[in-house]
$ cat structure.txt   # compact mmCIF, C-alpha atoms
# COMPACT_ATOMS: atom_id res chain seq x y z
CA MET A 43 -8.07 -9.45 -4.55
CA THR A 44 -6.81 -5.94 -5.13
CA TYR A 45 -5.02 -4.90 -8.32
CA ILE A 46 -1.38 -6.00 -7.98
CA VAL A 47 1.65 -4.39 -9.61
CA GLY A 48 4.73 -6.59 -9.38
CA LEU A 49 7.93 -4.55 -9.07
CA THR A 50 11.22 -6.26 -9.86
CA GLY A 51 14.74 -5.66 -11.13
CA GLY A 52 18.25 -6.98 -10.77
CA ILE A 53 20.44 -6.53 -7.71
CA GLY A 54 21.50 -2.90 -7.31
CA SER A 55 18.80 -1.57 -9.63
CA GLY A 56 17.17 0.63 -7.00
CA LYS A 57 13.91 -1.24 -6.43
CA SER A 58 13.58 0.06 -2.87
CA THR A 59 14.07 3.65 -4.00
CA ILE A 60 11.28 3.34 -6.56
CA ALA A 61 9.03 1.51 -4.10
CA ASP A 62 9.51 4.34 -1.60
CA LEU A 63 8.26 6.83 -4.20
CA PHE A 64 5.07 4.80 -4.68
CA ALA A 65 4.69 4.47 -0.90
CA ALA A 66 4.93 8.26 -0.60
CA LEU A 67 1.86 8.44 -2.85
CA GLY A 68 -0.05 6.23 -0.41
CA VAL A 69 0.41 2.91 -2.21
CA PRO A 70 0.64 -0.13 0.10
CA VAL A 71 3.91 -1.99 -0.46
CA VAL A 72 4.44 -5.70 0.17
CA ASP A 73 8.19 -6.35 0.02
CA ALA A 74 9.48 -9.91 -0.39
CA ASP A 75 12.76 -9.06 1.36
CA VAL A 76 10.89 -7.70 4.39
CA VAL A 77 8.64 -10.76 4.52
CA ALA A 78 11.66 -13.05 4.15
CA ARG A 79 13.19 -11.46 7.24
CA GLU A 80 9.94 -11.76 9.17
CA VAL A 81 9.52 -15.51 8.58
CA VAL A 82 12.95 -16.19 10.11
CA ALA A 83 12.56 -13.76 13.02
CA LYS A 84 13.86 -14.74 16.42
CA GLY A 85 11.62 -17.41 17.92
CA SER A 86 10.00 -18.39 14.63
CA THR A 87 9.41 -22.01 13.67
CA ALA A 88 11.42 -21.53 10.48
CA LEU A 89 14.44 -20.30 12.42
CA LEU A 90 14.18 -23.30 14.73
CA HIS A 91 14.31 -25.65 11.72
CA ILE A 92 17.28 -23.76 10.28
CA ALA A 93 19.21 -24.01 13.55
CA GLU A 94 18.42 -27.71 13.84
CA HIS A 95 19.66 -28.32 10.29
CA PHE A 96 22.78 -26.12 10.19
CA GLY A 97 23.69 -25.91 13.86
CA ASP A 98 23.86 -23.04 16.32
CA GLU A 99 26.71 -21.39 14.39
CA VAL A 100 24.10 -19.78 12.13
CA LEU A 101 22.63 -17.98 15.17
CA ASN A 102 23.76 -14.80 16.85
CA ALA A 103 24.33 -14.70 20.59
CA ASP A 104 20.81 -13.36 21.12
CA GLY A 105 19.23 -16.25 19.20
CA SER A 106 18.52 -14.28 16.03
CA LEU A 107 19.64 -15.45 12.58
CA ASN A 108 23.24 -14.76 11.61
CA ARG A 109 22.63 -14.07 7.94
CA ALA A 110 26.29 -13.88 6.99
CA ALA A 111 26.97 -17.29 8.55
CA LEU A 112 23.97 -18.82 6.78
CA ARG A 113 24.98 -17.33 3.43
CA ALA A 114 28.44 -18.80 3.86
CA ARG A 115 26.94 -22.24 4.47
CA VAL A 116 24.64 -22.29 1.43
CA PHE A 117 26.19 -20.00 -1.17
CA ASN A 118 28.23 -22.62 -3.05
CA ASP A 119 26.25 -25.67 -1.97
CA CYS A 120 23.31 -26.39 -4.26
CA THR A 121 21.92 -29.10 -1.97
CA GLN A 122 21.84 -26.86 1.08
CA THR A 123 20.47 -23.95 -0.94
CA GLN A 124 17.65 -26.15 -2.18
CA TRP A 125 16.89 -27.34 1.36
CA LEU A 126 16.66 -23.74 2.55
CA ASN A 127 14.52 -22.68 -0.41
CA ASP A 128 12.15 -25.61 0.11
CA LEU A 129 11.68 -24.51 3.71
CA LEU A 130 11.34 -20.77 3.24
CA HIS A 131 9.78 -20.13 -0.16
CA PRO A 132 6.33 -21.60 0.67
CA LEU A 133 6.25 -19.66 3.95
CA ILE A 134 7.27 -16.42 2.28
CA ARG A 135 4.78 -16.85 -0.57
CA LYS A 136 1.92 -17.64 1.81
CA LYS A 137 2.62 -14.58 3.95
CA MET A 138 3.02 -12.27 0.96
CA LEU A 139 -0.24 -13.39 -0.63
CA ALA A 140 -2.05 -13.01 2.70
CA GLU A 141 -0.75 -9.44 3.01
CA LEU A 142 -1.76 -8.64 -0.58
CA ASN A 143 -5.21 -10.11 0.02
CA ALA A 144 -5.62 -7.87 3.06
CA VAL A 145 -4.98 -4.66 1.08
CA ARG A 146 -8.03 -2.43 0.74
CA ALA A 147 -6.41 0.28 -1.37
CA PRO A 148 -7.09 0.43 -5.15
CA TYR A 149 -3.80 -1.30 -5.86
CA ALA A 150 -0.72 -2.67 -4.12
CA LEU A 151 2.93 -2.72 -5.10
CA TRP A 152 4.52 -6.16 -4.70
CA VAL A 153 8.31 -5.89 -4.62
CA VAL A 154 9.92 -9.22 -5.52
CA PRO A 155 13.57 -9.47 -6.70
CA LEU A 156 12.94 -12.90 -8.29
CA LEU A 157 9.44 -12.20 -9.58
CA PHE A 158 9.97 -13.72 -13.03
CA GLU A 159 12.44 -16.38 -11.88
CA ASN A 160 9.83 -17.80 -9.49
CA HIS A 161 6.96 -17.26 -11.95
CA LEU A 162 5.12 -15.00 -9.51
CA GLU A 163 4.00 -12.68 -12.30
CA ALA A 164 1.03 -15.04 -12.59
CA PHE A 165 -0.34 -13.37 -9.44
CA CYS A 166 0.13 -9.85 -10.87
CA ASP A 167 -2.12 -7.68 -12.98
CA ARG A 168 0.87 -5.65 -14.20
CA THR A 169 4.65 -5.87 -13.92
CA LEU A 170 7.16 -3.03 -13.55
CA VAL A 171 10.92 -3.46 -13.99
CA VAL A 172 13.54 -1.09 -12.60
CA ASP A 173 16.36 -1.29 -15.13
CA VAL A 174 20.05 -0.41 -14.93
CA SER A 175 23.17 -1.58 -16.74
CA ARG A 176 25.25 -4.48 -15.47
CA GLU A 177 28.11 -2.18 -14.47
CA THR A 178 25.74 0.02 -12.50
CA GLN A 179 24.41 -3.07 -10.72
CA ILE A 180 27.91 -4.14 -9.74
CA GLU A 181 29.01 -0.68 -8.67
CA ARG A 182 25.95 -0.04 -6.51
CA ALA A 183 25.77 -3.49 -4.96
CA THR A 184 29.45 -3.64 -4.04
CA ARG A 185 29.26 -0.17 -2.47
CA ARG A 186 25.99 -0.86 -0.62
CA ASP A 187 26.69 -4.32 0.73
CA SER A 188 30.50 -4.22 0.89
CA ASN A 189 30.48 -7.37 -1.23
CA LYS A 190 33.22 -8.44 -3.59
CA ARG A 191 32.64 -8.00 -7.32
CA GLU A 192 32.88 -11.77 -7.83
CA GLN A 193 30.02 -12.41 -5.41
CA ILE A 194 27.81 -9.77 -7.03
CA GLU A 195 28.50 -11.24 -10.47
CA LYS A 196 27.42 -14.67 -9.21
CA ILE A 197 24.17 -13.18 -7.93
CA ILE A 198 23.56 -11.47 -11.28
CA ALA A 199 24.27 -14.74 -13.11
CA ALA A 200 21.66 -16.51 -10.95
CA GLN A 201 18.99 -13.97 -11.91
CA ILE A 202 17.08 -13.72 -15.16
CA ASP A 203 19.11 -11.92 -17.84
CA ARG A 204 18.45 -8.25 -18.46
CA ASP A 205 17.02 -8.60 -21.99
CA ARG A 206 14.53 -11.25 -20.93
CA ARG A 207 13.49 -9.20 -17.91
CA LEU A 208 12.83 -6.18 -20.12
CA THR A 209 10.87 -8.09 -22.76
CA THR A 210 8.73 -9.74 -20.07
CA ALA A 211 7.87 -6.51 -18.25
CA ASP A 212 4.77 -4.44 -18.92
CA ASP A 213 6.41 -1.22 -17.76
CA VAL A 214 10.03 -0.11 -17.28
CA ILE A 215 11.72 2.62 -15.25
CA ASN A 216 15.29 3.36 -16.29
CA ASN A 217 17.18 4.06 -13.06
CA ASP A 218 20.65 4.06 -14.62
CA GLU A 219 21.41 7.75 -14.17
CA PRO A 220 22.93 9.06 -10.95
CA TRP A 221 20.02 9.58 -8.58
CA GLN A 222 20.77 13.26 -7.99
CA GLU A 223 20.55 13.91 -11.74
CA SER A 224 17.39 11.96 -12.47
CA GLN A 225 15.27 12.36 -9.32
CA ALA A 226 12.76 14.77 -10.86
CA GLU A 227 12.37 12.68 -14.00
CA ILE A 228 11.92 9.42 -12.10
CA THR A 229 9.49 11.01 -9.63
CA ALA A 230 7.41 12.25 -12.54
CA ARG A 231 7.51 8.81 -14.16
CA VAL A 232 6.31 7.19 -10.92
CA ALA A 233 3.48 9.72 -10.61
CA LYS A 234 2.36 8.99 -14.17
CA LEU A 235 2.46 5.23 -13.59
CA HIS A 236 0.59 5.69 -10.31
CA GLN A 237 -2.30 7.37 -12.09
CA PHE A 238 -2.26 4.68 -14.78
CA TYR A 239 -2.40 1.91 -12.18
CA LEU A 240 -5.27 3.66 -10.38
CA ASP A 241 -7.19 3.78 -13.65
CA GLN A 242 -6.48 0.11 -14.37
CA ALA A 243 -7.48 -0.87 -10.84
CA LYS A 244 -10.76 0.97 -11.26
CA LYS A 245 -11.45 -0.86 -14.53
CA LYS A 246 -10.74 -4.20 -12.86
CA TYR A 247 -13.09 -3.37 -9.98
CA GLU A 248 -15.88 -2.26 -12.31
CA LYS A 249 -15.47 -5.39 -14.43
CA ASN A 250 -15.69 -7.63 -11.36
CA GLU A 251 -18.81 -5.78 -10.16
CA ARG A 252 -20.75 -6.49 -13.33

$ encode --input "structure.txt" --output "structure tokens"
Amino acid sequence: MTYIVGLTGGIGSGKSTIADLFAALGVPVVDADVVAREVVAKGSTALLHIAEHFGDEVLNADGSLNRAALRARVFNDCTQTQWLNDLLHPLIRKKMLAELNAVRAPYALWVVPLLFENHLEAFCDRTLVVDVSRETQIERATRRDSNKREQIEKIIAAQIDRDRRLTTADDVINNDEPWQESQAEITARVAKLHQFYLDQAKKKYEKNER
């Protein structure tokens, strides 16, 4: 399997922004959020099971998943959340690993919000955390998703705490400054990490060829 860099960070940290910078350098990106949407696409077996379990109220008129309705059903119900996780997590993991295995580039970026929480770092050669303060998380997430502060705080509480995430990571990008003020610095940091990952991927390949 190709060299894998696991990219993670809390909600509102800017993971997608950083992933886009790596993608611009030609790095293949496997995004857990994208895969999660694909496994519940209209007509999928997973969506059929979800509709059978929760009822047609979690579907839009066109038969696609109504994400807001599903979130409302599971958000404060641990039993229903567990049922949904038991259904989707194995499907998502299988599809992500298949996509990573298909990569032929020197390395791939694997974007997973709950990388450490789900112990997926075991599949990675290196881990990269995008770090911001709690207040920045709340401000960005409430503005982006039009969510209430209380809901964002619940999501943050369900994720690994910031200190543990930082001590577990191999590499860290601080994305706490306003983007317009730190774009050049962050772009340079990504370029430096990109070269480092290329070098590490080459070493892994040469070691496996011996």

$ residues_around --input "structure.txt" --residues "Asp167 of chain A" --least-positions-apart "5" --cutoff "7 Å" --atoms "all atoms listed in the file" --output "VMD selection string"
chain A and resid 45 to 47

$ closest_atom_pairs --input "structure.txt" --of "segment 103-190 of chain A" --to "segment 227-251 of chain A" --cutoff "9 Å" --atoms "all atoms listed in the file" --output "tab-separated table"
residue	atom	partner	partner_atom	distance
A:Pro148	CA	A:Ala243	CA	5.8
A:Tyr149	CA	A:Ala243	CA	6.2
A:Asp167	CA	A:Ala243	CA	8.9
A:Arg168	CA	A:Tyr239	CA	8.5

$ closest_residue --input "structure.txt" --among "A:Val153, A:Ala66, A:Ile60, A:Cys166" --to "Asn217 of chain A" --atoms "all atoms listed in the file"
A:Ile60

$ closest_residue --input "structure.txt" --among "A:Trp152, A:Ser58, A:Ala103, A:Ile134" --to "Val82 of chain A" --atoms "all atoms listed in the file"
A:Ile134

$ residues_around --input "structure.txt" --residues "Thr209 of chain A" --least-positions-apart "5" --cutoff "10 Å" --atoms "all atoms listed in the file" --output "VMD selection string"
chain A and resid 171 204 214

$ residues_around --input "structure.txt" --residues "Gly52 of chain A" --least-positions-apart "4" --cutoff "9 Å" --atoms "all atoms listed in the file" --output "compact mmCIF listing (two decimals) with C-alpha atoms, in the coordinates of the input"
# COMPACT_ATOMS: atom_id res chain seq x y z
CA GLY A 56 17.17 0.63 -7.00
CA LYS A 57 13.91 -1.24 -6.43
CA PRO A 155 13.57 -9.47 -6.70
CA LEU A 156 12.94 -12.90 -8.29
CA VAL A 171 10.92 -3.46 -13.99
CA VAL A 172 13.54 -1.09 -12.60
CA ASP A 173 16.36 -1.29 -15.13
CA VAL A 174 20.05 -0.41 -14.93
CA ARG A 176 25.25 -4.48 -15.47
CA GLN A 179 24.41 -3.07 -10.72
CA ILE A 198 23.56 -11.47 -11.28
CA GLN A 201 18.99 -13.97 -11.91
CA ILE A 202 17.08 -13.72 -15.16
CA ASP A 203 19.11 -11.92 -17.84
CA ARG A 204 18.45 -8.25 -18.46
CA ARG A 207 13.49 -9.20 -17.91

$ residues_near_point --input "structure.txt" --point "(31.1, -21.7, 10.0)" --cutoff "7 Å" --atoms "only C-alpha atoms" --output "MDAnalysis selection string"
chainID A and resid 99 111 115

$ write_last_selection --input "structure.txt" --atoms "C-alpha atoms" --output "short mmCIF file (atom, residue, chain, number, x, y, z; two decimals), in the coordinates of the input"
data_model
loop_
_atom_site.label_atom_id
_atom_site.label_comp_id
_atom_site.auth_asym_id
_atom_site.auth_seq_id
_atom_site.Cartn_x
_atom_site.Cartn_y
_atom_site.Cartn_z
CA GLU A 99 26.71 -21.39 14.39
CA ALA A 111 26.97 -17.29 8.55
CA ARG A 115 26.94 -22.24 4.47
#

$ atom_distance --input "structure.txt" --atom1 "atom CA of Thr44 of chain A" --atom2 "atom CA of Leu133 of chain A"
21.0 Å

$ atom_distance --input "structure.txt" --atom1 "atom CA of Ile180 of chain A" --atom2 "atom CA of Ile215 of chain A"
18.4 Å

$ decode --input "structure.txt" --residues "segment 114-128 of chain A" --atoms "N, CA and C atoms" --output "compact mmCIF listing (two decimals), in the first residue's frame"
# COMPACT_ATOMS: atom_id res chain seq x y z
N ALA A 114 -31.49 14.85 13.37
CA ALA A 114 -32.46 15.13 14.43
C ALA A 114 -32.91 13.84 15.12
N ARG A 115 -32.96 12.75 14.38
CA ARG A 115 -33.40 11.48 14.95
C ARG A 115 -32.34 10.84 15.85
N VAL A 116 -31.06 11.05 15.53
CA VAL A 116 -30.01 10.31 16.24
C VAL A 116 -29.20 11.16 17.21
N PHE A 117 -29.28 12.49 17.11
CA PHE A 117 -28.31 13.34 17.80
C PHE A 117 -28.30 13.11 19.31
N ASN A 118 -29.47 13.02 19.93
CA ASN A 118 -29.52 12.84 21.39
C ASN A 118 -29.98 11.45 21.80
N ASP A 119 -29.85 10.50 20.88
CA ASP A 119 -30.29 9.12 21.15
C ASP A 119 -29.10 8.19 20.93
N CYS A 120 -28.47 7.78 22.00
CA CYS A 120 -27.26 6.95 21.91
C CYS A 120 -27.53 5.62 21.21
N THR A 121 -28.71 5.05 21.46
CA THR A 121 -29.03 3.75 20.86
C THR A 121 -29.14 3.86 19.35
N GLN A 122 -29.83 4.89 18.88
CA GLN A 122 -29.98 5.08 17.44
C GLN A 122 -28.67 5.49 16.78
N THR A 123 -27.88 6.28 17.49
CA THR A 123 -26.56 6.65 16.96
C THR A 123 -25.69 5.42 16.79
N GLN A 124 -25.73 4.54 17.78
CA GLN A 124 -24.94 3.31 17.70
C GLN A 124 -25.40 2.43 16.56
N TRP A 125 -26.73 2.34 16.37
CA TRP A 125 -27.26 1.54 15.26
C TRP A 125 -26.73 2.07 13.92
N LEU A 126 -26.77 3.39 13.77
CA LEU A 126 -26.33 4.01 12.53
C LEU A 126 -24.83 3.81 12.32
N ASN A 127 -24.06 3.98 13.39
CA ASN A 127 -22.61 3.78 13.30
C ASN A 127 -22.26 2.34 12.94
N ASP A 128 -22.98 1.40 13.54
CA ASP A 128 -22.72 -0.02 13.26
C ASP A 128 -23.00 -0.35 11.78
